Structure formats: C-alpha cells, structure tokens
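K.L.:
Provided herewith: target-v1.cif, mmCIF, C-alpha atoms.
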data_entry
loop_
_atom_site.label_atom_id
_atom_site.label_comp_id
_atom_site.auth_asym_id
_atom_site.auth_seq_id
_atom_site.Cartn_x
_atom_site.Cartn_y
_atom_site.Cartn_z
CA MET A 1 -17.90 21.08 94.26
CA LYS A 2 -15.45 22.04 97.01
CA ALA A 3 -11.68 22.07 97.39
CA THR A 4 -9.96 22.39 100.76
CA ARG A 5 -6.57 23.99 101.21
CA ILE A 6 -4.12 21.54 102.78
CA GLY A 7 -0.89 23.49 102.57
CA ALA A 8 1.24 26.17 100.98
CA LEU A 9 4.03 25.45 98.52
CA SER A 10 7.02 27.50 97.55
CA ASP A 11 6.27 29.83 94.67
CA ASP A 12 7.81 28.04 91.70
CA GLY A 13 6.35 30.30 89.05
CA PRO A 14 8.09 31.28 85.83
CA GLN A 15 11.59 32.63 86.32
CA PRO A 16 12.72 35.79 84.52
CA LYS A 17 14.06 35.06 81.08
CA PRO A 18 17.85 35.49 81.08
CA HIS A 19 19.42 38.18 78.95
CA LEU A 20 20.53 36.56 75.71
CA GLY A 21 24.00 37.27 74.41
CA GLU A 22 26.19 35.60 71.81
CA GLY A 23 26.63 32.46 73.92
CA PRO A 24 23.82 29.91 74.44
CA ALA A 25 21.67 30.19 77.57
CA THR A 26 19.57 27.28 78.83
CA LEU A 27 15.87 28.20 79.07
CA GLY A 28 14.56 24.78 80.12
CA CYS A 29 15.35 21.07 80.10
CA ALA A 30 13.68 17.66 80.24
CA HIS A 31 14.90 14.18 81.16
CA VAL A 32 13.69 11.39 78.88
CA THR A 33 14.24 7.63 78.80
CA ALA A 34 14.52 5.37 75.76
CA ALA A 35 15.56 1.69 75.77
CA SER A 36 16.63 2.06 79.43
CA GLU A 37 19.00 4.90 78.49
CA GLN A 38 18.53 8.30 80.08
CA HIS A 39 19.17 11.55 78.23
CA ARG A 40 18.63 15.24 78.83
CA ILE A 41 17.17 17.61 76.27
CA ASP A 42 18.11 21.26 76.76
CA ALA A 43 16.25 24.20 75.24
CA VAL A 44 18.90 26.84 74.57
CA ALA A 45 18.87 30.25 72.91
CA TRP A 46 21.20 33.11 72.03
CA ALA A 47 21.06 36.42 70.18
CA ARG A 48 22.45 36.92 66.68
CA HIS A 49 22.05 40.10 64.61
CA GLY A 50 18.99 41.18 66.57
CA GLU A 51 17.26 37.79 66.30
CA GLU A 52 16.83 34.98 68.80
CA ILE A 53 18.22 31.58 67.80
CA HIS A 54 16.61 28.62 69.55
CA GLN A 55 17.85 25.03 69.58
CA LEU A 56 17.12 21.74 71.32
CA ILE A 57 20.29 19.88 72.34
CA LEU A 58 20.38 16.19 73.29
CA ARG A 59 22.92 15.34 75.99
CA ASP A 60 24.04 12.14 77.68
CA THR A 61 24.20 11.71 81.46
CA ALA A 62 27.68 13.29 81.49
CA GLY A 63 26.38 16.40 79.74
CA HIS A 64 28.05 15.74 76.38
CA GLY A 65 26.14 16.99 73.34
CA LEU A 66 24.93 14.17 71.09
CA ASP A 67 22.55 15.84 68.65
CA ARG A 68 20.74 19.13 68.09
CA PHE A 69 17.69 20.60 66.37
CA GLU A 70 17.19 24.21 65.32
CA VAL A 71 13.75 25.46 66.33
CA PRO A 72 11.98 27.18 63.40
CA THR A 73 11.49 30.58 65.02
CA ARG A 74 13.41 33.85 65.06
CA SER A 75 10.95 35.58 67.38
CA GLU A 76 11.49 36.39 71.02
CA ALA A 77 10.05 33.39 72.82
CA TRP A 78 9.43 32.06 76.30
CA VAL A 79 9.99 28.32 76.67
CA ARG A 80 7.91 25.97 78.80
CA VAL A 81 8.70 22.26 79.20
CA LEU A 82 6.23 19.45 79.86
CA THR A 83 7.25 15.80 80.23
CA HIS A 84 4.99 12.88 79.35
CA PRO A 85 4.11 10.69 82.38
CA GLY A 86 5.97 7.81 80.73
CA LYS A 87 9.15 9.96 80.54
CA GLN A 88 9.69 8.91 76.91
CA VAL A 89 8.82 12.22 75.27
CA ALA A 90 8.94 15.88 76.27
CA LEU A 91 6.96 18.83 74.96
CA PHE A 92 8.64 22.19 74.39
CA GLU A 93 6.28 25.13 74.03
CA TYR A 94 7.59 28.40 72.56
CA ALA A 95 5.27 31.32 73.35
CA MET A 96 5.90 34.12 70.85
CA ASP A 97 3.74 37.03 72.00
CA GLN A 98 1.29 37.99 69.25
CA GLU A 99 2.44 35.16 66.98
CA GLY A 100 0.95 32.48 69.20
CA ALA A 101 2.74 29.37 70.43
CA LEU A 102 4.83 26.69 68.75
CA LEU A 103 4.57 23.23 70.34
CA LEU A 104 7.25 20.60 69.67
CA ALA A 105 7.51 16.98 70.84
CA ALA A 106 11.06 15.67 71.34
CA TRP A 107 12.35 12.15 72.06
CA THR A 108 15.37 9.97 71.35
CA VAL A 109 16.03 6.98 69.09
CA ASP A 110 19.44 5.27 69.16
CA GLY A 111 21.09 8.34 70.63
CA LYS A 112 19.57 10.69 68.04
CA LEU A 113 17.16 13.53 68.73
CA LYS A 114 13.76 13.27 67.05
CA VAL A 115 11.46 16.30 66.93
CA ARG A 116 7.87 16.61 65.72
CA GLU A 117 5.96 19.86 65.35
CA LEU A 118 2.55 19.38 66.98
CA LEU A 119 1.10 22.88 66.76
CA GLY A 120 2.41 26.05 65.41
CA PRO A 121 2.08 28.78 65.46
CA ASP A 122 -1.31 28.26 67.10
CA ASP A 123 -3.68 30.27 69.27
CA ALA A 124 -3.43 27.70 72.06
CA VAL A 125 -1.15 26.74 74.93
CA CYS A 126 -0.57 23.24 76.25
CA ALA A 127 -1.76 22.56 79.80
CA GLY A 128 -0.34 19.04 79.98
CA PHE A 129 -1.33 15.38 79.94
CA ASP A 130 -3.80 13.35 81.91
CA VAL A 131 -2.51 10.88 84.51
CA ALA A 132 -2.29 8.01 82.02
CA GLY A 133 -0.61 10.14 79.36
CA GLU A 134 -3.36 9.35 76.85
CA ARG A 135 -4.89 12.82 76.47
CA LEU A 136 -3.56 16.34 76.03
CA LEU A 137 -5.29 19.56 77.14
CA LEU A 138 -5.01 22.73 75.05
CA LEU A 139 -6.16 26.09 76.42
CA PRO A 140 -6.67 29.45 74.67
CA TYR A 141 -3.53 31.48 74.08
CA PRO A 142 -3.47 34.40 76.57
CA SER A 143 -5.05 37.54 75.18
CA ALA A 144 -6.21 40.81 76.67
CA PRO A 145 -9.09 40.77 77.10
CA PRO A 146 -9.85 37.01 76.82
CA SER A 147 -11.97 36.15 73.81
CA PRO A 148 -15.38 34.52 74.42
CA SER A 149 -14.96 32.69 71.08
CA ALA A 150 -11.76 30.94 72.21
CA HIS A 151 -12.19 27.27 73.04
CA VAL A 152 -10.62 24.48 75.07
CA ARG A 153 -9.55 21.31 73.27
CA VAL A 154 -8.88 17.79 74.55
CA LEU A 155 -6.79 15.72 72.12
CA SER A 156 -5.84 12.06 72.15
CA TRP A 157 -2.17 11.18 72.54
CA PRO A 158 -0.18 10.49 70.47
CA GLY A 159 -2.74 10.61 67.64
CA LEU A 160 -3.87 14.20 68.42
CA GLU A 161 -7.46 13.40 67.45
CA MET A 162 -10.10 15.78 68.79
CA GLU A 163 -11.94 14.24 71.76
CA ALA A 164 -13.68 17.36 73.06
CA ARG A 165 -14.05 21.04 72.21
CA LEU A 166 -15.51 23.35 74.85
CA GLU A 167 -16.81 26.86 74.36
CA ALA A 168 -17.09 29.27 77.29
CA SER A 169 -20.88 28.97 76.99
CA VAL A 170 -20.51 25.76 79.04
CA VAL A 171 -20.21 28.02 82.09
CA ASP A 172 -22.57 30.65 80.64
CA ASP A 173 -19.90 33.33 80.71
CA GLN A 174 -18.94 35.83 78.02
CA ARG A 175 -15.44 36.45 79.33
CA GLY A 176 -13.98 33.32 77.77
CA TRP A 177 -11.68 30.68 79.19
CA GLY A 178 -8.46 31.49 81.00
CA SER A 179 -5.06 30.03 80.16
CA ALA A 180 -4.83 27.85 83.31
CA GLY A 181 -6.31 24.39 83.75
CA CYS A 182 -5.59 20.68 83.89
CA ILE A 183 -7.11 17.24 83.33
CA ALA A 184 -8.21 16.00 86.75
CA HIS A 185 -7.50 12.60 88.30
CA ASP A 186 -10.83 11.17 87.09
CA GLY A 187 -10.70 12.50 83.52
CA SER A 188 -12.76 15.60 84.26
CA LEU A 189 -11.38 19.12 83.70
CA LEU A 190 -10.43 21.98 85.99
CA LEU A 191 -10.65 25.25 84.03
CA THR A 192 -10.61 28.94 84.87
CA VAL A 193 -12.60 31.99 83.81
CA PRO A 194 -10.55 35.19 84.30
CA GLY A 195 -11.97 37.42 87.01
CA VAL A 196 -14.42 34.71 88.12
CA GLY A 197 -12.54 31.66 89.38
CA LEU A 198 -12.21 27.91 89.03
CA PHE A 199 -14.73 25.53 87.42
CA HIS A 200 -15.05 21.75 87.39
CA ILE A 201 -16.19 20.24 84.09
CA GLY A 202 -17.52 16.67 84.34
CA ALA A 203 -15.87 13.80 82.48
CA GLU A 204 -18.61 13.96 79.83
CA HIS A 205 -17.69 17.66 79.34
CA GLY A 206 -21.31 18.74 79.36
CA HIS A 207 -21.80 19.93 82.94
CA ALA A 208 -19.88 22.69 84.72
CA GLN A 209 -19.96 23.79 88.32
CA PRO A 210 -17.87 26.34 90.23
CA VAL A 211 -15.28 25.02 92.67
CA VAL A 212 -15.74 26.52 96.14
CA LEU A 213 -12.32 26.89 97.78
CA THR A 214 -12.38 26.57 101.57
CA VAL A 215 -9.80 26.97 104.33
CA PRO A 216 -9.83 24.69 107.42
CA ASP A 217 -10.66 26.30 110.78
CA GLY A 218 -7.59 27.83 112.37
CA ALA A 219 -5.62 27.97 109.13
CA SER A 220 -4.25 31.21 107.76
CA PRO A 221 -6.40 32.81 105.06
CA ALA A 222 -5.88 31.42 101.59
CA LEU A 223 -4.36 33.75 99.06
CA LEU A 224 -6.40 32.63 96.09
CA GLY A 225 -8.21 35.28 94.15
CA PRO A 226 -9.89 34.93 90.76
CA ASP A 227 -6.58 35.39 88.89
CA ILE A 228 -5.20 31.85 88.62
CA ASP A 229 -2.00 31.40 86.62
CA GLU A 230 -1.50 27.64 86.77
CA ILE A 231 -3.08 24.41 88.02
CA ARG A 232 -1.05 21.21 88.39
CA HIS A 233 -2.18 17.72 89.38
CA LEU A 234 0.06 16.46 92.21
CA GLY A 235 -1.46 12.99 92.61
CA GLU A 236 -4.71 11.43 93.80
CA ARG A 237 -7.11 14.35 94.46
CA ARG A 238 -4.38 16.92 95.24
CA TYR A 239 -3.64 19.96 93.09
CA ALA A 240 -1.25 22.90 93.17
CA VAL A 241 -2.80 26.26 92.30
CA ARG A 242 -0.64 29.31 91.58
CA SER A 243 -2.56 32.58 91.79
CA ARG A 244 -2.20 36.35 92.02
CA HIS A 245 -4.12 38.59 94.39
CA GLN A 246 -3.54 42.28 95.17
CA GLY A 247 -0.04 42.17 93.74
CA ALA A 248 1.02 39.06 95.70
CA ARG A 249 1.67 35.56 94.33
CA LEU A 250 1.45 32.22 96.10
CA THR A 251 1.27 28.54 95.23
CA THR A 252 -1.07 26.57 97.48
CA GLU A 253 -2.01 22.89 97.67
CA TRP A 254 -5.67 21.84 97.56
CA GLU A 255 -7.63 18.63 97.84
CA LEU A 256 -10.71 18.19 95.66
CA ASN A 257 -13.65 17.00 97.78
#
Now, as a test, write the supplied structure out as structure tokens.
P.N.:
Amino acid sequence: MKATRIGALSDDGPQPKPHLGEGPATLGCAHVTAASEQHRIDAVAWARHGEEIHQLILRDTAGHGLDRFEVPTRSEAWVRVLTHPGKQVALFEYAMDQEGALLLAAWTVDGKLKVRELLGPDDAVCAGFDVAGERLLLLPYPSAPPSPSAHVRVLSWPGLEMEARLEASVVDDQRGWGSAGCIAHDGSLLLTVPGVGLFHIGAEHGHAQPVVLTVPDGASPALLGPDIDEIRHLGERRYAVRSRHQGARLTTEWELN
C-alpha cells in the first residue's frame, strides 16, 4: 500500500508541561454537548506538599465553574484529551511514567459532571475513535525498548467489549508495536513498529502490509523517518503523521492510495 504526501502542517505536537505551583494550571480541555447545551471540561492540576493534584472542572460557556471531579492520582502525569466524534463525551488520559496510564470518560447530565474510569492504571494508551465513534483503539504503553509481547486492542464503544487483539507477530517483527496508530477511514488499522515504519492492517485484522510513503515529483523531500509519534485521521483518506528524524520534528499530511 502507498501513501502520497500532499502537504506539510504546523507542528502541533505536545507542548511542555507547565510548572505547577499552588494555583491550578490548565493542562487540557474539551468541549462537549448535551441536550443542546455546550460545556467545557478543563483538566487542571497544581502542586501540594510535593504531590500533584489533578481535577476535572465543568464550566459553562461563560467560564463559570459548575462541577468538579478529583482525579484519583497523586503521581506526576501528562494529560491528553480526546473527544468523541459525537461531541457528547471526552476522554482524559493521564500518563504516569512507570505506573501506566489512567483513562477517564467525562460527560454532562443536567449541568453535572459525570466521570467513568475506563482503564487504569493500564499498560495501554488510547489512540482514539473510529469515524463513527463506535470503536476505540488502544496501543501499548510506551516502553524502552518496546516489548514484543505487548498487544494492540480494538474495543467497542461504549460497551468496551474486545473486538480484536493483535500481537506484533502479525507483521512478523520482534520489536513490538509502537505507541502511534489510528483506525482508518474504512475500519482498517494504521500501526507503527519502532525503527521500521508504518503498517496497514486490513479490516479483518489478519493481513498486514507496509505503507510505502512517496513524495510527488518536484516536492521537497518528506521528513518522515521510522520514528512516528502520532497518526491522526483528518477525513476521507487523509492523515496527519507527526514524526522525528535526525533531531527534527514535522507534521505532514498524507493521502492513502
């Protein structure tokens, strides 16, 4: 399978985590809709007696706090936010170094914040939903070196029933899966193997083939080495790929052929 580069995007990779003091700092936010009402959910944190305190705060459109939830972690954590395609629920992932990741789902009911713990702490990270919002992709938690025994999981949403479990043997590689990937537009998977590159896994999850990345004639060379940090579906057959190569970082846009 081939993918052709069709443009370069601004590098919107993870921003440095702010220094936490005694006052709350916002680490991420999501906009959700319930019963035609729009709300914002902020992930905030601050330091207290050498520990990090994390909360989710529900706000109205004017920014007023309506409700809050204290996240059950005292560890140093990076926060990543994913919003369901239907905009009714948001996922907040707290990556806690060697302790794995805590994944929470948050939504609103009658102006109150509802939170459900989906995973945690777990040895997986959430790569997002499919286009219809009916499936969720979980990838191995980053480790050094990657473990060949780590697996990829596809879960139903919102039931979280196991639909597929993929070992790295699908691509006949002992290096294990990377922590970047997504569910493609047709239900297939785009997954990475660290130090090797990008693979396309068919919708039946039994056949894998490498994705050959090409650059149109006359275009500047693509900065896309084997170290891929993130893959996002942009719509139709278009994808954003954020990668690192020789100390540089770039997000490029590709079309799957």
K.L.:
If the PyMOL selection byres ((chain A and resi 43) around 9) is run on the structure shown, which residues does it catch, given as a ChimeraX atom specification?
P.N.:
/A:25-30,41-42,44-45,54-57,79,81,92
K.L.:
Go ahead and save the picked residues with C-alpha atoms, as an mmCIF file, keeping the file's coordinate frame.
P.N.:
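Output saved as again_35.cif:
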data_model
loop_
_atom_site.group_PDB
_atom_site.id
_atom_site.type_symbol
_atom_site.label_atom_id
_atom_site.label_comp_id
_atom_site.auth_asym_id
_atom_site.auth_seq_id
_atom_site.Cartn_x
_atom_site.Cartn_y
_atom_site.Cartn_z
ATOM 1 C CA ALA A 25 21.670 30.190 77.570
ATOM 2 C CA THR A 26 19.570 27.280 78.830
ATOM 3 C CA LEU A 27 15.870 28.200 79.070
ATOM 4 C CA GLY A 28 14.560 24.780 80.120
ATOM 5 C CA CYS A 29 15.350 21.070 80.100
ATOM 6 C CA ALA A 30 13.680 17.660 80.240
ATOM 7 C CA ILE A 41 17.170 17.610 76.270
ATOM 8 C CA ASP A 42 18.110 21.260 76.760
ATOM 9 C CA VAL A 44 18.900 26.840 74.570
ATOM 10 C CA ALA A 45 18.870 30.250 72.910
ATOM 11 C CA HIS A 54 16.610 28.620 69.550
ATOM 12 C CA GLN A 55 17.850 25.030 69.580
ATOM 13 C CA LEU A 56 17.120 21.740 71.320
ATOM 14 C CA ILE A 57 20.290 19.880 72.340
ATOM 15 C CA VAL A 79 9.990 28.320 76.670
ATOM 16 C CA VAL A 81 8.700 22.260 79.200
ATOM 17 C CA PHE A 92 8.640 22.190 74.390
#
K.L.:
Report as a list in words the full result of the PyMOL selection byres ((chain A and resi 106) around 6) when it is applied to this structure.
P.N.:
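Checked against the file, the PyMOL selection byres ((chain A and resi 106) around 6) matches Val89, Ala90, Ala105, Trp107, Lys114 and Val115 of chain A.
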K.L.:
So what do you get for atom CA of Ala47 of chain A versus atom CA of Leu91 of chain A, distance-wise?
P.N.:
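One can read the atom CA of Ala47 of chain A to atom CA of Leu91 of chain A distance as 23.0 Å.
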K.L.:
Neighbouring residues of Ala164 of chain A were defined as those with any atom within 9 Å, considering only C-alpha atoms; residues of the same chain fewer than 6 positions away were excluded. Please report them as a list in words.
P.N.:
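The residues that qualify are Val152, Arg153, Val154, Leu155 and His205 of chain A.
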K.L.:
In Å, how far is it from atom CA of Arg80 of chain A to atom CA of Asp227 of chain A?
P.N.:
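About the pair atom CA of Arg80 of chain A and atom CA of Asp227 of chain A: they are 20.0 Å apart.
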K.L.:
What does the structure give for the distance between atom CA of Glu134 of chain A and atom CA of Val109 of chain A, in Å to one decimal?
P.N.:
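Result for atom CA of Glu134 of chain A versus atom CA of Val109 of chain A: 21.0 Å, one decimal.
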